[in-house]
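Just below is one structure, and these are the notes that go with it.
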Amino acid sequence: MAATNATVGAVFDEIADWLELDQANPFRIRAYRNAARTVAAWPKPLADAAQDTEAFTDLPGIGKDLAEKIGEILRTGSCGQLRSLRRTHPRGLRELLRIPGVGPRRAERLFREAGVTTARRLADAARAGRIRALRGFGARSESDLLQAAEAWLASDRRWRVSEAAQQADALSRHLLASQDVAELCVAGSYRRQRDTVGDLDVLVASRRAAGVNRVFLDYPDVSRVLAQGPTRASVVLKSGMQVDLRVVKPESFGAAMVYFTGSKAHNLALRRLAQKRGLKINEYGVYRGTRRVAGETEASVYATLDLSCMPPELRENRGELEAAAAHRLPTLIELRDLHGDLHVHTDASDGHASLAEMAAAARRAGLDYIAITDHSRHLAVAHGLDADALARQIDAIDRFNAGHPGIAVLKGIEVDILENGELDLPLSVLRRLDLVVGAVHSQLRLSRTRQTERILRAMDHPCFSVLAHPTGRLIGERDAYDVDLDRLVRHARERSCFLEINAQPDRLDLDDTGCRTAMEAGVRLAVSSDSHDVHGFGNLRFGIGQARRGWLEAKDVVNTLPLRQLKEALAKTMG
DNA sequence: GCCGTTTTCGGCCCGACTGTTTTCAGTCG
């Protein structure tokens, strides 16, 4: 089987690690890192073009040499250069580079002078007091490295964006209570709404940095201070999440927001553009020589390069700079564009609230309609409904709608897609519904072909409306099942059905690149909360985050339609 | 290793913080 883009990226990253340990030309190392980032984020499978390696040189940062290596990796899963690097280095040494405080030079010295080859051995050597004896290290470095190695061994986690949101909101409230904080922005991957977040980058505009620093370090949730200086500080919260604070003057706030929002790839591309125009961009502003020409707002920074200001979710160097130069940025969907929610559970299956309670909560969340989509009988653990129970629910919804004009409740089901591609309930009862949401909950390890055929067959059912959580991933727990998303997208377009963006923070499925693939193919998506209780609608914001990262506008999302037009769109899917 | 309106060489993003030095290298984002 051909290697995936992620595999190619991983090979380049590993080569870069070894070259770094060898203290090779840093620009050569950067070329491998850039290439790793580029291919890993590339939305199309490179394997599709494996025959024509020359074509890979069209990718940014890929020249003749790397293009040939991509071809080799796609064919064999590895490449000769990597095999030879592995032969000449101790296998575990790469691990040392992952430990904060250990870079290539220290890793090399730790290996050569203390025989340290893994994080475990580093911790052992530090405990034995063997690190402080090395030149360039002292007692302080030794204890820092011990702590870092132990922390690394204990956990190497990223946080769901919802977990990051809770901690970001609480810390922001604490900081904003200070007179010294003029403006505040939680930047970084959190602001870009990535599906997971490694740490929080908090940016503050103030003329009194010392005061802000003090308030930050006094935050009751701080467990450990990693670093502190006049304009920045790093701490670990009690949860284990790292937070970096940076304080700049108000006139630099826009430049700092650009800088600390990233992504790294976006910033590098931006600086190259600036350099071509004889400008220099840093976190304090845009400079021509020593003269500052912009920096107070993000828009002012981008304007010096004749770029429209890009929403943070687009800043991944995936074409947003070109679109901004042409002033053709999409008008991204916003939470307030949603009129309803097409995936909601009640206590009739595995939800925790009644139909009436869920409807009331949806109304409070500002929605005009919801679809009740409880599980079907095959999902016994969730008390799935059989045909009789569904028929009773249909009648109950009709009665509810008659007495509650404030919100419309649509009749639906989250029906299991069985292994053979049939749906889990008979056509006769499905025909009585407003929509049918199909979902894979079992047999997740089928071959790519069988899994894909299974879902394509389900889409051919005369009542199929929406494919729920199309890849089945659970962030940090379970990878997506193996499925040909391009074929699903093409089929959804032919069948005029919809793909879901499941907004549960542990799903966010489709993800950003999947959204973009669907949108570019002309397939509409449904941003759905998959709520199981009255608080579930609060997750819609995270689904919107992925939609925005996928360049979606309101017109690309079916549940931005008012009720009447939504019903027309659904009716077309219901045979 | 990539790239090019300075095009086949000579550049390649840039500043803050720390510890161990005794003026700076290493690391990080």
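Residues in the structure tokens are numbered from 1 in each chain, the chains being A, B, ... in the order shown, and ligands are numbered from 1 in the order shown.
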Using only C-alpha atoms (C1' of nucleotides) and a distance of at most 8 Å, pull out the residues of chain B that contact chain A, as a PyMOL selection string. chain B and resi 1-2+12-17+19-20+26-27
Just give me the gap between atom CA of Glu419 of chain A and atom CA of Asp195 of chain A in Å, one decimal is fine. 29.3 Å
Out of segment 80-150 of chain A, which residues get helix (DSSP H, G or I) from DSSP, as a PyMOL selection string? chain A and resi 80-87+93-97+104-114+119-127+139-150
So that I have them on file, write out the residues from the current selection with N, CA and C atoms, as a compact mmCIF listing (two decimals), in the first residue's frame.
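Generated output (again23.txt):
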# COMPACT_ATOMS: atom_id res chain seq x y z
N GLY A 80 16.48 5.67 1.46
CA GLY A 80 17.84 5.20 1.71
C GLY A 80 18.58 6.09 2.68
N GLN A 81 18.35 7.40 2.56
CA GLN A 81 19.06 8.32 3.44
C GLN A 81 18.67 8.08 4.90
N LEU A 82 17.36 7.85 5.13
CA LEU A 82 16.91 7.63 6.50
C LEU A 82 17.51 6.32 7.04
N ARG A 83 17.51 5.28 6.20
CA ARG A 83 18.06 3.99 6.67
C ARG A 83 19.52 4.15 7.06
N SER A 84 20.26 4.92 6.29
CA SER A 84 21.68 5.06 6.61
C SER A 84 21.88 5.91 7.86
N LEU A 85 21.04 6.94 8.05
CA LEU A 85 21.12 7.74 9.27
C LEU A 85 20.80 6.89 10.50
N ARG A 86 19.83 6.00 10.35
CA ARG A 86 19.45 5.16 11.48
C ARG A 86 20.58 4.20 11.85
N ARG A 87 21.29 3.73 10.83
CA ARG A 87 22.39 2.79 11.09
C ARG A 87 23.50 3.44 11.90
N LEU A 93 18.17 8.30 20.59
CA LEU A 93 18.69 9.65 20.76
C LEU A 93 17.70 10.75 20.34
N ARG A 94 16.86 10.44 19.35
CA ARG A 94 15.88 11.43 18.90
C ARG A 94 14.97 11.87 20.03
N GLU A 95 14.69 10.90 20.90
CA GLU A 95 13.79 11.16 22.02
C GLU A 95 14.29 12.34 22.87
N LEU A 96 15.62 12.43 22.99
CA LEU A 96 16.18 13.51 23.81
C LEU A 96 15.79 14.89 23.28
N LEU A 97 15.70 14.99 21.95
CA LEU A 97 15.36 16.29 21.36
C LEU A 97 13.96 16.75 21.75
N PRO A 104 20.01 19.99 19.94
CA PRO A 104 20.96 19.08 19.32
C PRO A 104 22.34 19.07 19.99
N ARG A 105 22.81 20.25 20.40
CA ARG A 105 24.17 20.28 20.96
C ARG A 105 24.23 19.60 22.31
N ARG A 106 23.23 19.87 23.14
CA ARG A 106 23.22 19.22 24.44
C ARG A 106 22.97 17.72 24.30
N ALA A 107 22.10 17.33 23.37
CA ALA A 107 21.83 15.90 23.17
C ALA A 107 23.11 15.18 22.78
N GLU A 108 23.86 15.80 21.87
CA GLU A 108 25.08 15.18 21.39
C GLU A 108 26.08 15.05 22.55
N ARG A 109 26.19 16.10 23.34
CA ARG A 109 27.13 16.09 24.47
C ARG A 109 26.71 15.08 25.54
N LEU A 110 25.39 15.02 25.80
CA LEU A 110 24.89 14.06 26.79
C LEU A 110 25.20 12.63 26.35
N PHE A 111 25.06 12.40 25.05
CA PHE A 111 25.35 11.06 24.53
C PHE A 111 26.84 10.75 24.59
N ARG A 112 27.66 11.68 24.08
CA ARG A 112 29.09 11.42 23.93
C ARG A 112 29.79 11.37 25.29
N GLU A 113 29.40 12.27 26.19
CA GLU A 113 30.16 12.38 27.44
C GLU A 113 29.52 11.66 28.61
N ALA A 114 28.22 11.33 28.51
CA ALA A 114 27.58 10.65 29.64
C ALA A 114 26.83 9.39 29.22
N ALA A 119 15.30 9.37 27.27
CA ALA A 119 14.78 10.22 28.35
C ALA A 119 14.96 9.51 29.69
N ARG A 120 14.70 8.18 29.68
CA ARG A 120 14.84 7.42 30.92
C ARG A 120 16.27 7.49 31.46
N ARG A 121 17.24 7.31 30.55
CA ARG A 121 18.64 7.35 30.98
C ARG A 121 19.06 8.74 31.40
N LEU A 122 18.47 9.75 30.79
CA LEU A 122 18.77 11.11 31.20
C LEU A 122 18.31 11.34 32.64
N ALA A 123 17.11 10.88 32.95
CA ALA A 123 16.59 11.02 34.31
C ALA A 123 17.48 10.27 35.30
N ASP A 124 17.89 9.06 34.93
CA ASP A 124 18.76 8.26 35.80
C ASP A 124 20.07 8.99 36.06
N ALA A 125 20.68 9.50 34.97
CA ALA A 125 21.99 10.17 35.10
C ALA A 125 21.87 11.42 35.95
N ALA A 126 20.75 12.15 35.78
CA ALA A 126 20.55 13.38 36.57
C ALA A 126 20.39 13.03 38.05
N ARG A 127 19.61 11.99 38.33
CA ARG A 127 19.42 11.58 39.73
C ARG A 127 20.74 11.17 40.36
N ALA A 139 24.55 22.48 38.45
CA ALA A 139 23.57 21.82 39.29
C ALA A 139 22.15 22.22 38.89
N ARG A 140 22.00 23.50 38.50
CA ARG A 140 20.68 23.98 38.12
C ARG A 140 20.16 23.28 36.86
N SER A 141 21.06 23.19 35.85
CA SER A 141 20.67 22.50 34.62
C SER A 141 20.29 21.06 34.93
N GLU A 142 21.06 20.44 35.83
CA GLU A 142 20.81 19.04 36.14
C GLU A 142 19.39 18.85 36.71
N SER A 143 19.02 19.70 37.65
CA SER A 143 17.70 19.52 38.27
C SER A 143 16.59 19.90 37.27
N ASP A 144 16.84 20.91 36.44
CA ASP A 144 15.85 21.26 35.41
C ASP A 144 15.64 20.11 34.44
N LEU A 145 16.75 19.50 34.02
CA LEU A 145 16.66 18.41 33.05
C LEU A 145 15.96 17.20 33.67
N LEU A 146 16.23 16.95 34.96
CA LEU A 146 15.56 15.83 35.63
C LEU A 146 14.05 16.04 35.62
N GLN A 147 13.66 17.26 35.98
CA GLN A 147 12.23 17.57 36.01
C GLN A 147 11.61 17.45 34.61
N ALA A 148 12.32 17.99 33.62
CA ALA A 148 11.81 17.96 32.25
C ALA A 148 11.70 16.53 31.74
N ALA A 149 12.70 15.71 32.03
CA ALA A 149 12.69 14.32 31.56
C ALA A 149 11.56 13.55 32.23
N GLU A 150 11.38 13.76 33.52
CA GLU A 150 10.30 13.06 34.22
C GLU A 150 8.93 13.49 33.70
Rank nothing, just name the residue among A:Asp337, A:Glu298, A:Asp395, A:Asp48 nearest to Asp486 of chain A, using only C-alpha atoms. A:Asp48
Do a neighbour search on Ser529 of chain A at 7 Å with only C-alpha atoms (C1' of nucleotides), toss out local chain neighbours closer than 6 positions, and write the hits as a PyMOL selection string. chain A and resi 341+343-344+502-504+536-537+539-540
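The interatomic distance for the pair atom CA of Ala458 of chain A and atom CA of Arg495 of chain A works out to 11.0 Å.
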DSSP on the backbone: what in segment 359-542 of chain A comes out strand (DSSP E), as a PDB file with N, CA and C atoms, in the first residue's frame?
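Written out: out_28.pdb:
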ATOM      1  N   TYR A 369     -34.561  25.537  15.008  1.00  0.00           N
ATOM      2  CA  TYR A 369     -35.025  24.152  14.830  1.00  0.00           C
ATOM      3  C   TYR A 369     -33.943  23.179  15.280  1.00  0.00           C
ATOM      4  N   ILE A 370     -34.374  21.978  15.681  1.00  0.00           N
ATOM      5  CA  ILE A 370     -33.450  20.875  15.948  1.00  0.00           C
ATOM      6  C   ILE A 370     -34.054  19.602  15.364  1.00  0.00           C
ATOM      7  N   ALA A 371     -33.192  18.678  15.032  1.00  0.00           N
ATOM      8  CA  ALA A 371     -33.662  17.356  14.626  1.00  0.00           C
ATOM      9  C   ALA A 371     -33.339  16.380  15.753  1.00  0.00           C
ATOM     10  N   ILE A 372     -34.352  15.649  16.195  1.00  0.00           N
ATOM     11  CA  ILE A 372     -34.117  14.601  17.184  1.00  0.00           C
ATOM     12  C   ILE A 372     -33.639  13.358  16.446  1.00  0.00           C
ATOM     13  N   ALA A 408     -38.994  24.553  16.073  1.00  0.00           N
ATOM     14  CA  ALA A 408     -39.453  23.417  15.271  1.00  0.00           C
ATOM     15  C   ALA A 408     -38.595  22.195  15.577  1.00  0.00           C
ATOM     16  N   VAL A 409     -39.228  21.080  15.871  1.00  0.00           N
ATOM     17  CA  VAL A 409     -38.503  19.833  16.102  1.00  0.00           C
ATOM     18  C   VAL A 409     -38.717  18.914  14.905  1.00  0.00           C
ATOM     19  N   LEU A 410     -37.624  18.574  14.253  1.00  0.00           N
ATOM     20  CA  LEU A 410     -37.691  17.683  13.096  1.00  0.00           C
ATOM     21  C   LEU A 410     -37.563  16.243  13.556  1.00  0.00           C
ATOM     22  N   LYS A 411     -38.172  15.349  12.792  1.00  0.00           N
ATOM     23  CA  LYS A 411     -38.145  13.935  13.133  1.00  0.00           C
ATOM     24  C   LYS A 411     -36.984  13.260  12.403  1.00  0.00           C
ATOM     25  N   GLU A 414     -30.469   8.668  14.177  1.00  0.00           N
ATOM     26  CA  GLU A 414     -29.073   8.357  13.865  1.00  0.00           C
ATOM     27  C   GLU A 414     -29.030   6.846  13.688  1.00  0.00           C
ATOM     28  N   VAL A 415     -29.156   6.441  12.456  1.00  0.00           N
ATOM     29  CA  VAL A 415     -29.326   5.013  12.182  1.00  0.00           C
ATOM     30  C   VAL A 415     -27.967   4.363  11.905  1.00  0.00           C
ATOM     31  N   ASP A 416     -27.757   3.200  12.461  1.00  0.00           N
ATOM     32  CA  ASP A 416     -26.502   2.500  12.226  1.00  0.00           C
ATOM     33  C   ASP A 416     -26.400   2.032  10.773  1.00  0.00           C
ATOM     34  N   VAL A 437     -29.936  10.382   9.537  1.00  0.00           N
ATOM     35  CA  VAL A 437     -28.494  10.565   9.733  1.00  0.00           C
ATOM     36  C   VAL A 437     -27.884   9.174   9.859  1.00  0.00           C
ATOM     37  N   GLY A 438     -27.012   8.815   8.928  1.00  0.00           N
ATOM     38  CA  GLY A 438     -26.396   7.490   8.951  1.00  0.00           C
ATOM     39  C   GLY A 438     -25.044   7.539   9.645  1.00  0.00           C
ATOM     40  N   ALA A 439     -24.722   6.481  10.419  1.00  0.00           N
ATOM     41  CA  ALA A 439     -23.469   6.499  11.160  1.00  0.00           C
ATOM     42  C   ALA A 439     -22.867   5.101  11.258  1.00  0.00           C
ATOM     43  N   VAL A 466     -27.715  12.573   5.861  1.00  0.00           N
ATOM     44  CA  VAL A 466     -26.461  13.105   6.392  1.00  0.00           C
ATOM     45  C   VAL A 466     -25.575  11.942   6.839  1.00  0.00           C
ATOM     46  N   LEU A 467     -24.295  12.000   6.494  1.00  0.00           N
ATOM     47  CA  LEU A 467     -23.346  11.021   7.028  1.00  0.00           C
ATOM     48  C   LEU A 467     -22.719  11.600   8.299  1.00  0.00           C
ATOM     49  N   PHE A 498     -25.499  15.132   2.577  1.00  0.00           N
ATOM     50  CA  PHE A 498     -24.609  16.032   3.310  1.00  0.00           C
ATOM     51  C   PHE A 498     -23.633  15.254   4.180  1.00  0.00           C
ATOM     52  N   LEU A 499     -22.502  15.856   4.430  1.00  0.00           N
ATOM     53  CA  LEU A 499     -21.544  15.290   5.377  1.00  0.00           C
ATOM     54  C   LEU A 499     -21.573  16.119   6.648  1.00  0.00           C
ATOM     55  N   GLU A 500     -21.391  15.450   7.772  1.00  0.00           N
ATOM     56  CA  GLU A 500     -21.481  16.135   9.051  1.00  0.00           C
ATOM     57  C   GLU A 500     -20.118  16.669   9.489  1.00  0.00           C
ATOM     58  N   ILE A 501     -20.156  17.812  10.167  1.00  0.00           N
ATOM     59  CA  ILE A 501     -19.031  18.221  11.013  1.00  0.00           C
ATOM     60  C   ILE A 501     -19.528  18.028  12.438  1.00  0.00           C
ATOM     61  N   ASN A 502     -19.172  16.922  13.034  1.00  0.00           N
ATOM     62  CA  ASN A 502     -19.610  16.627  14.391  1.00  0.00           C
ATOM     63  C   ASN A 502     -18.821  17.508  15.349  1.00  0.00           C
ATOM     64  N   LEU A 525     -22.145  20.786   4.033  1.00  0.00           N
ATOM     65  CA  LEU A 525     -21.922  20.120   5.310  1.00  0.00           C
ATOM     66  C   LEU A 525     -22.981  20.527   6.315  1.00  0.00           C
ATOM     67  N   ALA A 526     -23.115  19.722   7.372  1.00  0.00           N
ATOM     68  CA  ALA A 526     -24.011  20.056   8.483  1.00  0.00           C
ATOM     69  C   ALA A 526     -23.160  20.153   9.741  1.00  0.00           C
ATOM     70  N   VAL A 527     -23.147  21.328  10.361  1.00  0.00           N
ATOM     71  CA  VAL A 527     -22.443  21.483  11.638  1.00  0.00           C
ATOM     72  C   VAL A 527     -23.406  21.064  12.742  1.00  0.00           C
ATOM     73  N   SER A 528     -23.096  19.944  13.413  1.00  0.00           N
ATOM     74  CA  SER A 528     -24.047  19.329  14.340  1.00  0.00           C
ATOM     75  C   SER A 528     -23.415  19.134  15.704  1.00  0.00           C
TER      76      SER A 528
END
Atom CA of Met459 of chain A and atom CA of Asp424 of chain A are how many Å apart? 13.2 Å
